[in-house]
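Worksheet: the structure to be examined is printed underneath.
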Amino acid sequence: MGPDHKPTDNEPVPTWLMIFAFALMGPAMAINAVFIALATPAMAPLGANGLILAGLSGLVVAIFPARWLARKIHEGIRE
């Protein structure tokens, strides 16, 4: 990228930034999902397996806020 490079809206977010954002958001969403599972009486019969399932589902859902966070960081770096 030279000095005459003009940023465009369709530049892809770097892979390292996506991994960094997921490393921040993944564990946070997994812990939140486990706390929600602990507070839900319907999850009690599932025991530890239910907590593991809740954590994994939180980890999967974390992809969406991680993508958003990576785009926002990339926009800030680009400016």
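Convention: chains lettered A, B, ... in structure tokens order; per-chain residue numbering from 1; ligands numbered from 1 as shown.
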>> Please list as an MDAnalysis selection string every residue within 10 Å of Pro27 in chain A, counting only C-alpha atoms and excluding residues in the same chain fewer than 3 positions away.
In response: chainID A and resid 22:24 30:33 55:56 58:59 62
Could you save those same residues with N, CA and C atoms as a PDB file, in the first residue's frame?
```pdb
ATOM      1  N   PHE A  22     -12.039 -12.936  17.587  1.00  0.00           N
ATOM      2  CA  PHE A  22     -12.682 -14.165  18.073  1.00  0.00           C
ATOM      3  C   PHE A  22     -12.062 -14.634  19.383  1.00  0.00           C
ATOM      4  N   ALA A  23     -10.758 -14.422  19.535  1.00  0.00           N
ATOM      5  CA  ALA A  23     -10.104 -14.790  20.793  1.00  0.00           C
ATOM      6  C   ALA A  23     -10.629 -13.946  21.952  1.00  0.00           C
ATOM      7  N   LEU A  24     -11.057 -12.741  21.665  1.00  0.00           N
ATOM      8  CA  LEU A  24     -11.663 -11.905  22.711  1.00  0.00           C
ATOM      9  C   LEU A  24     -13.116 -12.288  22.969  1.00  0.00           C
ATOM     10  N   ALA A  30     -18.999 -17.685  25.569  1.00  0.00           N
ATOM     11  CA  ALA A  30     -19.153 -19.028  26.135  1.00  0.00           C
ATOM     12  C   ALA A  30     -19.448 -18.951  27.636  1.00  0.00           C
ATOM     13  N   ILE A  31     -18.731 -18.077  28.337  1.00  0.00           N
ATOM     14  CA  ILE A  31     -18.970 -17.927  29.777  1.00  0.00           C
ATOM     15  C   ILE A  31     -20.368 -17.374  30.023  1.00  0.00           C
ATOM     16  N   ASN A  32     -20.783 -16.398  29.229  1.00  0.00           N
ATOM     17  CA  ASN A  32     -22.133 -15.843  29.388  1.00  0.00           C
ATOM     18  C   ASN A  32     -23.195 -16.909  29.142  1.00  0.00           C
ATOM     19  N   ALA A  33     -22.986 -17.754  28.153  1.00  0.00           N
ATOM     20  CA  ALA A  33     -23.957 -18.811  27.862  1.00  0.00           C
ATOM     21  C   ALA A  33     -24.030 -19.813  29.022  1.00  0.00           C
ATOM     22  N   GLY A  55     -21.838 -23.814  26.678  1.00  0.00           N
ATOM     23  CA  GLY A  55     -20.575 -23.138  26.389  1.00  0.00           C
ATOM     24  C   GLY A  55     -20.185 -23.238  24.934  1.00  0.00           C
ATOM     25  N   LEU A  56     -20.383 -24.414  24.355  1.00  0.00           N
ATOM     26  CA  LEU A  56     -20.051 -24.582  22.936  1.00  0.00           C
ATOM     27  C   LEU A  56     -20.986 -23.777  22.039  1.00  0.00           C
ATOM     28  N   GLY A  58     -22.424 -20.978  22.891  1.00  0.00           N
ATOM     29  CA  GLY A  58     -21.981 -19.594  23.045  1.00  0.00           C
ATOM     30  C   GLY A  58     -20.740 -19.302  22.232  1.00  0.00           C
ATOM     31  N   LEU A  59     -19.865 -20.288  22.158  1.00  0.00           N
ATOM     32  CA  LEU A  59     -18.647 -20.134  21.364  1.00  0.00           C
ATOM     33  C   LEU A  59     -18.974 -20.001  19.883  1.00  0.00           C
ATOM     34  N   ALA A  62     -20.488 -16.613  19.102  1.00  0.00           N
ATOM     35  CA  ALA A  62     -19.506 -15.537  19.223  1.00  0.00           C
ATOM     36  C   ALA A  62     -18.896 -15.141  17.888  1.00  0.00           C
TER      37      ALA A  62
END
```
> If you count only C-alpha atoms, which residues fall within 9 Å of Trp68 in chain A, apart from same-chain ones fewer than 5 positions away, as a count of residues only?
Replying inline: 3
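Using only C-alpha atoms, the shortest contact distance between Val34 in chain A and any of A:Ala54, A:Val61, A:Val13, A:Ala48 is found at A:Ala54.
CA of Met25 in chain A is found 19.2 Å from CA of Ile77 in chain A.
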> Using the chain letters and numbers from this document, which residues of chain A does DSSP assign to alpha helix (DSSP H), as number ranges by chain?
Replying inline: A: 15-39, 47-61, 63-78
